[in-house]
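Structure, as structure tokens:
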Amino acid sequence: MTSWKAESLSVVVPVFDEEANAQPLVEGIANAVRALGIPFEIVVVDDGSRDRTREILRSLTAGTPELVVVNLRRNFGQTLALQAGLDRARGRAIVTMDGDLQNDPTDIGRLLERLEAGADVVSGWRKQRKDTLVLRKVPSWIANKLIQVVTGIAIHDQGCSLKAYRREVIEALDLYGDMHRFIAVMTLPLGAVLEEVEVRHHPRVAGVSKYGLGRVFRVIVDLFALQMLTRFRESPLLWFGMLGAPFLVGSLAAALLALTSEESHLVLPTTSVFLAMTFTSSLMFGLLSELIIETSGHARRRRVVSREWHD
Amino acid sequence: MLVPLVDKVGDLREIQSQVFEQLTKLGEGFEILYMLGTSSEAVAKQVMELRAEQPDRVRVVRFASPAGDAALLAAGFEHARGELLFSVPPVFDVDLAILGELHAALEAGSDLVIASRTNWHAGASERLQSRVFNRLVSWATGVGFLDIASRTRAVRREIVQEVPIYGEFHRYLPMLAQRLGFAVREIPATQHPRFRRAAVVHAPRTYLWRALDLLSILFVSRFTRHPLRLFGGVGSLFGALGVLVLVVITAQRLFWDVPLADRPMLILGALLLGLGVQLFTIGLLGELILFFQARNIRDYRVTAVYETPGGGLPAPAAPPDPRS
């Protein structure tokens, strides 16, 4: 067992147009976490809501001293709202969840138990999901399968927002674009121990859902980028070299054919030259990647969350 | 406070007196800043004369070498001392009575106000050009503005501190500001009585510049955080075409005995495939840069934090500096 303790806790919740849910949300979290008996804060990020969410949250700070409300200037989307919340969070343990009351704050205690038992990241698994089938469950199922196939990680419910992290993991994490969708997967190359815990899931009682079907293409592209970044960032030159290798083979084959052929054509040598150029540029991209990684100072930062084990 | 630029210069004295008249009506302190980005001695002399007449109101920023609009504007924003910054072109353009309305709009809570010149009865060709350009820009950015090229604008100081201005980007300031969550408004302006119509047909170079500009604004506004979505999509398209061509001609060689070695289609296939791979890898390179710079990028903007003093958790001790 490790000696890591969840000495303090930050609960980070991005919200957007949730005026009906704001008060029960904050009260629910506060009651559930107070029962755990550790110092905590609730960081609610108002992602540019256009309804009364902001005023309601402001008035709630009076009765809940643990509440911290971060207001964004406009609607920046979930990734950035989450990032704003994580940037502000000060706890040793950090829990993220949705602002729509579909996650149950009484599950937080069980997530923290797993963190203290040795996990770095604990992801919620909504085994009994209370959502519409076509719009939410099917795309989510496809996305999870894709992630499993591409990354080789068996994770049932990547899309569940209720997750708990050790602070070290969040500090080592580089989030950009829409990468919040893969936040659990992104922690793995850091050497983090990932666990899944079944959590309760409630149907939406108020407000409207902010997801749609149109994200499948984007998820696939982002997933591909993530896969390349996590798996090949240690040796991009090699990776780009492998990518270009078939072109080199093709180029040599075309050159050989052109040399051995009795008639002289223009087509084969030209093809050979084009293929060779593609190979060369691929290699150049690899070199450029090495340069980018080298100058980013990434190697100097602690990349791997590692710790001693005491059995 | 006001920032006119000096490159193509009209009657500065006349413009200045009208600007003075308008700003005095507002009843606040103001200054006029001339940015001198031209090597013309006549213009410099004219500006220095204006300054000599009212040294407490008129300031001049002079560039050592000729400079473009963006550099001049950026320098002006840097040297200006007011909270509200107006910019006006050094030629007769919109009726300067609009300054009062721009000021009122800023007071009412807008962060950037444009005096748009949409209802002007300019020549048909010019109107068509500007309409096409503005349409293209609003399509590219997903934000609809009627006249982004208008140089008569009023902004709050906060904006120019947060939005980097370089290249031709001063023209896209409204879009960039809106993206960061600032409130942008357009107010229709009337033509200045002494407005002279500019050239209706520009040099081909201007159109090329505009097109490239448009491309860069499209990229900046949509794909800077998702390069693989753009390059990956286009690259896959080319790559797939290339594969299709190669598969067809290989099949023809294998099953129908059509000779392969002397077919120009072979070059086309190889070229398309290579282009596809290159575009795709450019996208990957973009993602790589983003990933390794993610730590330095914060795209959100916080307006206020509500918290109870003494509530929440205390700030943790700063992590040790990795360089030490």
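FYI, nothing fancy with the structure tokens labels: chains A, B, ... in order, residues from 1 per chain, ligands from 1 as they appear.
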If the cut-off is 7 Å, can you tell me the residues of chain B near chain A, counting only C-alpha atoms? I'd like them as a PDB file with N, CA and C atoms, in the first residue's frame.
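result-v6.pdb, written as the output of this step:
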```pdb
ATOM      1  N   GLY B 181     -14.474  36.462 -26.255  1.00  0.00           N
ATOM      2  CA  GLY B 181     -15.625  36.718 -25.405  1.00  0.00           C
ATOM      3  C   GLY B 181     -15.959  38.184 -25.216  1.00  0.00           C
ATOM      4  N   ARG B 225      -6.460  24.898 -33.092  1.00  0.00           N
ATOM      5  CA  ARG B 225      -6.408  23.904 -32.020  1.00  0.00           C
ATOM      6  C   ARG B 225      -6.721  22.509 -32.524  1.00  0.00           C
ATOM      7  N   HIS B 226      -7.051  22.405 -33.819  1.00  0.00           N
ATOM      8  CA  HIS B 226      -7.388  21.098 -34.390  1.00  0.00           C
ATOM      9  C   HIS B 226      -6.762  20.964 -35.772  1.00  0.00           C
ATOM     10  N   LEU B 228      -5.195  18.649 -37.287  1.00  0.00           N
ATOM     11  CA  LEU B 228      -5.376  17.385 -37.998  1.00  0.00           C
ATOM     12  C   LEU B 228      -6.765  17.299 -38.644  1.00  0.00           C
ATOM     13  N   ARG B 229      -7.743  18.048 -38.089  1.00  0.00           N
ATOM     14  CA  ARG B 229      -9.073  18.017 -38.692  1.00  0.00           C
ATOM     15  C   ARG B 229      -9.038  18.618 -40.086  1.00  0.00           C
ATOM     16  N   ALA B 261       4.170   0.540 -67.160  1.00  0.00           N
ATOM     17  CA  ALA B 261       5.363   1.364 -67.025  1.00  0.00           C
ATOM     18  C   ALA B 261       5.324   2.657 -67.825  1.00  0.00           C
ATOM     19  N   ASP B 262       4.509   2.704 -68.849  1.00  0.00           N
ATOM     20  CA  ASP B 262       4.532   3.936 -69.637  1.00  0.00           C
ATOM     21  C   ASP B 262       3.250   4.736 -69.493  1.00  0.00           C
ATOM     22  N   ARG B 263       2.532   4.536 -68.398  1.00  0.00           N
ATOM     23  CA  ARG B 263       1.271   5.261 -68.224  1.00  0.00           C
ATOM     24  C   ARG B 263       1.462   6.486 -67.324  1.00  0.00           C
ATOM     25  N   PRO B 264       1.147   7.645 -67.828  1.00  0.00           N
ATOM     26  CA  PRO B 264       1.246   8.853 -66.993  1.00  0.00           C
ATOM     27  C   PRO B 264       0.379   8.759 -65.742  1.00  0.00           C
ATOM     28  N   LEU B 266       0.379   6.568 -63.675  1.00  0.00           N
ATOM     29  CA  LEU B 266       1.230   6.085 -62.591  1.00  0.00           C
ATOM     30  C   LEU B 266       1.825   7.267 -61.838  1.00  0.00           C
ATOM     31  N   ILE B 267       2.284   8.264 -62.588  1.00  0.00           N
ATOM     32  CA  ILE B 267       2.844   9.457 -61.956  1.00  0.00           C
ATOM     33  C   ILE B 267       1.772  10.156 -61.133  1.00  0.00           C
ATOM     34  N   ALA B 270       1.090   8.248 -57.899  1.00  0.00           N
ATOM     35  CA  ALA B 270       2.178   8.412 -56.922  1.00  0.00           C
ATOM     36  C   ALA B 270       2.157   9.814 -56.340  1.00  0.00           C
ATOM     37  N   LEU B 271       1.894  10.783 -57.184  1.00  0.00           N
ATOM     38  CA  LEU B 271       1.887  12.184 -56.759  1.00  0.00           C
ATOM     39  C   LEU B 271       0.769  12.446 -55.749  1.00  0.00           C
ATOM     40  N   GLY B 274       1.514  10.741 -52.463  1.00  0.00           N
ATOM     41  CA  GLY B 274       2.557  11.472 -51.742  1.00  0.00           C
ATOM     42  C   GLY B 274       2.032  12.765 -51.149  1.00  0.00           C
ATOM     43  N   LEU B 284      -0.337  16.217 -38.418  1.00  0.00           N
ATOM     44  CA  LEU B 284       0.212  15.553 -37.232  1.00  0.00           C
ATOM     45  C   LEU B 284       1.256  16.428 -36.558  1.00  0.00           C
ATOM     46  N   LEU B 285       2.077  17.072 -37.376  1.00  0.00           N
ATOM     47  CA  LEU B 285       3.107  17.954 -36.840  1.00  0.00           C
ATOM     48  C   LEU B 285       2.467  19.080 -36.042  1.00  0.00           C
ATOM     49  N   GLU B 287      -0.432  18.938 -34.499  1.00  0.00           N
ATOM     50  CA  GLU B 287      -0.907  18.376 -33.235  1.00  0.00           C
ATOM     51  C   GLU B 287       0.252  18.194 -32.262  1.00  0.00           C
ATOM     52  N   LEU B 288       1.387  17.796 -32.823  1.00  0.00           N
ATOM     53  CA  LEU B 288       2.578  17.581 -31.991  1.00  0.00           C
ATOM     54  C   LEU B 288       2.996  18.885 -31.314  1.00  0.00           C
ATOM     55  N   ILE B 289       3.016  19.969 -32.117  1.00  0.00           N
ATOM     56  CA  ILE B 289       3.396  21.268 -31.549  1.00  0.00           C
ATOM     57  C   ILE B 289       2.417  21.658 -30.449  1.00  0.00           C
ATOM     58  N   PHE B 291       0.488  19.749 -28.647  1.00  0.00           N
ATOM     59  CA  PHE B 291       0.614  18.868 -27.483  1.00  0.00           C
ATOM     60  C   PHE B 291       1.772  19.307 -26.601  1.00  0.00           C
ATOM     61  N   PHE B 292       2.877  19.636 -27.225  1.00  0.00           N
ATOM     62  CA  PHE B 292       4.049  19.976 -26.423  1.00  0.00           C
ATOM     63  C   PHE B 292       4.030  21.424 -25.953  1.00  0.00           C
ATOM     64  N   GLN B 293       3.117  22.225 -26.504  1.00  0.00           N
ATOM     65  CA  GLN B 293       2.998  23.598 -26.016  1.00  0.00           C
ATOM     66  C   GLN B 293       1.750  23.779 -25.158  1.00  0.00           C
ATOM     67  N   ALA B 294       0.961  22.705 -24.999  1.00  0.00           N
ATOM     68  CA  ALA B 294      -0.347  22.822 -24.333  1.00  0.00           C
ATOM     69  C   ALA B 294      -0.223  23.518 -22.982  1.00  0.00           C
ATOM     70  N   ARG B 295       0.875  23.267 -22.317  1.00  0.00           N
ATOM     71  CA  ARG B 295       1.099  23.830 -20.994  1.00  0.00           C
ATOM     72  C   ARG B 295       1.126  25.372 -21.030  1.00  0.00           C
ATOM     73  N   ASP B 299      -6.652  29.193 -23.434  1.00  0.00           N
ATOM     74  CA  ASP B 299      -7.565  29.874 -24.340  1.00  0.00           C
ATOM     75  C   ASP B 299      -8.787  30.443 -23.642  1.00  0.00           C
ATOM     76  N   TYR B 300      -8.991  30.072 -22.398  1.00  0.00           N
ATOM     77  CA  TYR B 300     -10.173  30.612 -21.733  1.00  0.00           C
ATOM     78  C   TYR B 300      -9.832  31.953 -21.091  1.00  0.00           C
ATOM     79  N   ARG B 301     -10.862  32.743 -20.783  1.00  0.00           N
ATOM     80  CA  ARG B 301     -10.659  34.025 -20.116  1.00  0.00           C
ATOM     81  C   ARG B 301     -11.604  34.114 -18.930  1.00  0.00           C
ATOM     82  N   VAL B 302     -11.053  34.344 -17.770  1.00  0.00           N
ATOM     83  CA  VAL B 302     -11.850  34.436 -16.551  1.00  0.00           C
ATOM     84  C   VAL B 302     -12.227  35.897 -16.333  1.00  0.00           C
ATOM     85  N   THR B 303     -13.536  36.163 -16.107  1.00  0.00           N
ATOM     86  CA  THR B 303     -13.928  37.540 -15.829  1.00  0.00           C
ATOM     87  C   THR B 303     -13.947  37.824 -14.337  1.00  0.00           C
ATOM     88  N   ALA B 304     -14.409  36.870 -13.538  1.00  0.00           N
ATOM     89  CA  ALA B 304     -14.484  37.127 -12.101  1.00  0.00           C
ATOM     90  C   ALA B 304     -14.482  35.807 -11.363  1.00  0.00           C
ATOM     91  N   VAL B 305     -13.972  35.802 -10.152  1.00  0.00           N
ATOM     92  CA  VAL B 305     -14.037  34.630  -9.290  1.00  0.00           C
ATOM     93  C   VAL B 305     -14.792  35.028  -8.034  1.00  0.00           C
ATOM     94  N   TYR B 306     -15.880  34.308  -7.754  1.00  0.00           N
ATOM     95  CA  TYR B 306     -16.627  34.572  -6.519  1.00  0.00           C
ATOM     96  C   TYR B 306     -16.187  33.562  -5.474  1.00  0.00           C
ATOM     97  N   GLU B 307     -15.726  34.036  -4.341  1.00  0.00           N
ATOM     98  CA  GLU B 307     -15.400  33.099  -3.275  1.00  0.00           C
ATOM     99  C   GLU B 307     -15.510  33.797  -1.932  1.00  0.00           C
ATOM    100  N   THR B 308     -15.690  33.031  -0.894  1.00  0.00           N
ATOM    101  CA  THR B 308     -15.763  33.585   0.451  1.00  0.00           C
ATOM    102  C   THR B 308     -14.348  33.743   0.976  1.00  0.00           C
ATOM    103  N   GLY B 311     -12.674  30.934   2.800  1.00  0.00           N
ATOM    104  CA  GLY B 311     -13.314  29.685   2.431  1.00  0.00           C
ATOM    105  C   GLY B 311     -12.445  28.914   1.456  1.00  0.00           C
ATOM    106  N   GLY B 312     -12.946  27.765   0.986  1.00  0.00           N
ATOM    107  CA  GLY B 312     -12.182  26.966   0.045  1.00  0.00           C
ATOM    108  C   GLY B 312     -10.908  26.439   0.658  1.00  0.00           C
ATOM    109  N   LEU B 313      -9.931  26.135  -0.167  1.00  0.00           N
ATOM    110  CA  LEU B 313      -8.668  25.580   0.320  1.00  0.00           C
ATOM    111  C   LEU B 313      -7.570  26.624   0.170  1.00  0.00           C
ATOM    112  N   ALA B 315      -4.021  28.194  -0.958  1.00  0.00           N
ATOM    113  CA  ALA B 315      -3.208  27.955  -2.142  1.00  0.00           C
ATOM    114  C   ALA B 315      -2.020  27.079  -1.770  1.00  0.00           C
ATOM    115  N   PRO B 316      -1.726  26.057  -2.589  1.00  0.00           N
ATOM    116  CA  PRO B 316      -0.591  25.194  -2.284  1.00  0.00           C
ATOM    117  C   PRO B 316       0.725  25.931  -2.502  1.00  0.00           C
TER     118      PRO B 316
END
```
*What's the 12 Å shell around Leu146 (chain A), counting only C-alpha atoms, without same-chain residues fewer than 3 positions away, as number ranges by chain?*
A: 139-143, 149-158, 182, 216-217, 219-224, 227
Save out the residues we just selected, N, CA, C and O atoms, as a short mmCIF file (atom, residue, chain, number, x, y, z; two decimals), in the first residue's frame.
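As a result, again-v9.cif now contains:
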```cif
data_model
loop_
_atom_site.label_atom_id
_atom_site.label_comp_id
_atom_site.auth_asym_id
_atom_site.auth_seq_id
_atom_site.Cartn_x
_atom_site.Cartn_y
_atom_site.Cartn_z
N PRO A 139 -23.53 6.49 -29.78
CA PRO A 139 -22.24 7.14 -30.07
C PRO A 139 -21.21 6.89 -28.98
O PRO A 139 -20.03 6.68 -29.26
N SER A 140 -21.67 6.86 -27.75
CA SER A 140 -20.75 6.63 -26.64
C SER A 140 -20.17 5.21 -26.72
O SER A 140 -18.98 4.99 -26.50
N TRP A 141 -21.04 4.24 -27.08
CA TRP A 141 -20.57 2.86 -27.18
C TRP A 141 -19.53 2.74 -28.29
O TRP A 141 -18.49 2.12 -28.13
N ILE A 142 -19.82 3.39 -29.44
CA ILE A 142 -18.88 3.36 -30.56
C ILE A 142 -17.55 3.99 -30.14
O ILE A 142 -16.47 3.45 -30.39
N ALA A 143 -17.64 5.14 -29.47
CA ALA A 143 -16.42 5.84 -29.06
C ALA A 143 -15.60 4.98 -28.12
O ALA A 143 -14.37 4.87 -28.26
N VAL A 149 -10.00 -0.31 -29.09
CA VAL A 149 -9.27 -0.92 -30.21
C VAL A 149 -7.97 -0.15 -30.47
O VAL A 149 -6.90 -0.73 -30.58
N VAL A 150 -8.07 1.18 -30.54
CA VAL A 150 -6.91 1.98 -30.94
C VAL A 150 -5.85 2.03 -29.85
O VAL A 150 -4.66 1.88 -30.11
N THR A 151 -6.27 2.22 -28.61
CA THR A 151 -5.27 2.38 -27.55
C THR A 151 -4.95 1.06 -26.86
O THR A 151 -3.96 0.97 -26.15
N GLY A 152 -5.80 0.06 -27.05
CA GLY A 152 -5.56 -1.21 -26.40
C GLY A 152 -5.86 -1.17 -24.91
O GLY A 152 -5.43 -2.04 -24.15
N ILE A 153 -6.59 -0.16 -24.46
CA ILE A 153 -6.93 -0.07 -23.05
C ILE A 153 -8.37 -0.50 -22.86
O ILE A 153 -9.26 -0.02 -23.53
N ALA A 154 -8.57 -1.43 -21.94
CA ALA A 154 -9.94 -1.87 -21.68
C ALA A 154 -10.58 -0.89 -20.71
O ALA A 154 -10.36 -0.95 -19.51
N ILE A 155 -11.34 0.03 -21.24
CA ILE A 155 -12.07 0.97 -20.39
C ILE A 155 -13.51 0.98 -20.87
O ILE A 155 -13.78 1.07 -22.06
N HIS A 156 -14.44 0.79 -19.93
CA HIS A 156 -15.83 0.61 -20.32
C HIS A 156 -16.50 1.93 -20.65
O HIS A 156 -17.29 2.03 -21.55
N ASP A 157 -16.22 2.93 -19.85
CA ASP A 157 -16.99 4.16 -19.95
C ASP A 157 -16.08 5.36 -19.86
O ASP A 157 -16.03 6.07 -18.88
N GLN A 158 -15.35 5.58 -20.96
CA GLN A 158 -14.40 6.68 -21.03
C GLN A 158 -15.10 8.03 -20.86
O GLN A 158 -14.57 8.95 -20.30
N PHE A 182 -10.62 12.36 -23.76
CA PHE A 182 -9.70 11.23 -23.58
C PHE A 182 -8.83 11.42 -22.36
O PHE A 182 -7.75 10.86 -22.27
N VAL A 216 -18.68 12.37 -34.23
CA VAL A 216 -17.97 11.12 -34.46
C VAL A 216 -16.68 11.33 -35.26
O VAL A 216 -15.62 10.83 -34.88
N PHE A 217 -16.78 12.12 -36.35
CA PHE A 217 -15.57 12.36 -37.17
C PHE A 217 -14.48 13.00 -36.32
O PHE A 217 -13.32 12.60 -36.35
N VAL A 219 -14.08 12.94 -33.11
CA VAL A 219 -13.54 12.02 -32.12
C VAL A 219 -12.50 11.11 -32.76
O VAL A 219 -11.43 10.87 -32.21
N ILE A 220 -12.82 10.62 -33.97
CA ILE A 220 -11.89 9.71 -34.64
C ILE A 220 -10.56 10.42 -34.91
O ILE A 220 -9.48 9.89 -34.63
N VAL A 221 -10.64 11.64 -35.45
CA VAL A 221 -9.42 12.38 -35.78
C VAL A 221 -8.60 12.65 -34.50
O VAL A 221 -7.39 12.42 -34.45
N ASP A 222 -9.28 13.13 -33.46
CA ASP A 222 -8.57 13.42 -32.21
C ASP A 222 -7.94 12.16 -31.64
O ASP A 222 -6.83 12.19 -31.10
N LEU A 223 -8.67 11.07 -31.76
CA LEU A 223 -8.17 9.81 -31.22
C LEU A 223 -6.89 9.40 -31.95
O LEU A 223 -5.91 8.96 -31.33
N PHE A 224 -6.92 9.58 -33.26
CA PHE A 224 -5.73 9.23 -34.04
C PHE A 224 -4.54 10.08 -33.61
O PHE A 224 -3.44 9.57 -33.41
N GLN A 227 -3.28 8.97 -30.30
CA GLN A 227 -2.55 7.72 -30.39
C GLN A 227 -1.12 7.96 -30.88
O GLN A 227 -0.16 7.45 -30.33
#
```
_Residues within 9 Å of Phe63 (chain B), only C-alpha atoms, excluding chain neighbours under 3 positions, as a list in words_ = Met35, Leu36, Gly37, Thr38, Ser39, Pro66, Ala67 and Leu72 of chain B
_Just list as a PyMOL selection string whatever in region 16-89 of chain A DSSP marks as alpha helix (DSSP H)._
chain A and resi 22-34+53-63+78-88
Take the residues from that selection and put them in a file with C-alpha atoms, as a short mmCIF file (atom, residue, chain, number, x, y, z; two decimals), in the first residue's frame.
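Generated output (selection_16.cif):
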```
data_model
loop_
_atom_site.label_atom_id
_atom_site.label_comp_id
_atom_site.auth_asym_id
_atom_site.auth_seq_id
_atom_site.Cartn_x
_atom_site.Cartn_y
_atom_site.Cartn_z
CA ALA A 22 -27.14 24.90 -9.73
CA GLN A 23 -28.49 24.98 -6.21
CA PRO A 24 -29.20 21.25 -5.74
CA LEU A 25 -25.82 20.55 -7.34
CA VAL A 26 -23.80 22.65 -4.93
CA GLU A 27 -25.81 21.49 -1.91
CA GLY A 28 -25.59 17.86 -2.95
CA ILE A 29 -21.82 18.00 -3.33
CA ALA A 30 -21.33 19.98 -0.12
CA ASN A 31 -23.43 17.53 1.92
CA ALA A 32 -21.82 14.45 0.42
CA VAL A 33 -18.25 15.70 0.88
CA ARG A 34 -18.79 17.15 4.35
CA THR A 53 -26.76 30.45 -13.43
CA ARG A 54 -24.15 33.05 -12.63
CA GLU A 55 -26.29 35.05 -10.16
CA ILE A 56 -27.55 31.89 -8.49
CA LEU A 57 -24.00 30.64 -8.00
CA ARG A 58 -22.94 34.00 -6.66
CA SER A 59 -25.69 34.00 -4.06
CA LEU A 60 -24.78 30.42 -3.10
CA THR A 61 -21.26 31.45 -2.06
CA ALA A 62 -22.79 33.21 0.93
CA GLY A 63 -24.12 30.00 2.48
CA GLN A 78 -16.17 21.88 -21.97
CA THR A 79 -12.43 21.34 -22.40
CA LEU A 80 -11.51 24.91 -21.58
CA ALA A 81 -14.03 25.18 -18.76
CA LEU A 82 -12.61 22.03 -17.25
CA GLN A 83 -9.10 23.36 -17.70
CA ALA A 84 -10.05 26.62 -15.98
CA GLY A 85 -11.41 24.62 -13.06
CA LEU A 86 -8.38 22.33 -12.85
CA ASP A 87 -6.08 25.36 -12.96
CA ARG A 88 -7.87 26.82 -9.97
#
```
*For the atom pair CA of Ile282 (chain B) and CA of Leu230 (chain B), what is the interatomic distance in Å to one decimal place?*
10.0 Å
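Straight-line separation from CA of Leu212 (chain B) to CA of Leu237 (chain B): 22.2 Å.
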*CA of Phe238 (chain B) to CA of Leu287 (chain A), straight-line distance in Å*: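 Distance reported for this atom pair: 24.0 Å.
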*Might you pull out every residue within 12 Å of region 51-54 of chain B, with only C-alpha atoms counted and same-chain residues fewer than 2 positions away left off, and present them as a list in words?*
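The residues satisfying every condition are Leu12, Arg13, Gln16, Ser17, Phe20, Glu31, Ile32, Leu33, Tyr34, Ala44, Lys45, Gln46, Val47, Met48, Glu49, Asp56, Arg57, Val58, Arg59, Val60 and Val61 of chain B.
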*From a DSSP calculation on the backbone, collect every residue of region 135-172 of chain A in strand (DSSP E) and output the set as a ChimeraX atom specification.*
/A:163-166
Selection from above, N, CA, C and O atoms, as an mmCIF file, in the first residue's frame, can you write it?
```
data_model
loop_
_atom_site.group_PDB
_atom_site.id
_atom_site.type_symbol
_atom_site.label_atom_id
_atom_site.label_comp_id
_atom_site.auth_asym_id
_atom_site.auth_seq_id
_atom_site.Cartn_x
_atom_site.Cartn_y
_atom_site.Cartn_z
ATOM 1 N N LYS A 163 -14.763 11.567 -12.305
ATOM 2 C CA LYS A 163 -13.446 10.948 -12.231
ATOM 3 C C LYS A 163 -12.686 11.564 -11.069
ATOM 4 O O LYS A 163 -12.932 12.712 -10.705
ATOM 5 N N ALA A 164 -11.762 10.807 -10.526
ATOM 6 C CA ALA A 164 -10.945 11.331 -9.428
ATOM 7 C C ALA A 164 -9.474 11.164 -9.795
ATOM 8 O O ALA A 164 -9.081 10.172 -10.411
ATOM 9 N N TYR A 165 -8.691 12.182 -9.469
ATOM 10 C CA TYR A 165 -7.271 12.167 -9.825
ATOM 11 C C TYR A 165 -6.431 12.538 -8.611
ATOM 12 O O TYR A 165 -6.851 13.326 -7.776
ATOM 13 N N ARG A 166 -5.243 12.010 -8.577
ATOM 14 C CA ARG A 166 -4.253 12.582 -7.682
ATOM 15 C C ARG A 166 -3.759 13.869 -8.315
ATOM 16 O O ARG A 166 -3.622 13.954 -9.532
#
```
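Residue nearest Leu50 (chain B) within the list B:Leu254, B:Ile15, B:Ala154, B:Val277: B:Ile15 [criterion: smallest interatomic distance, only C-alpha atoms].
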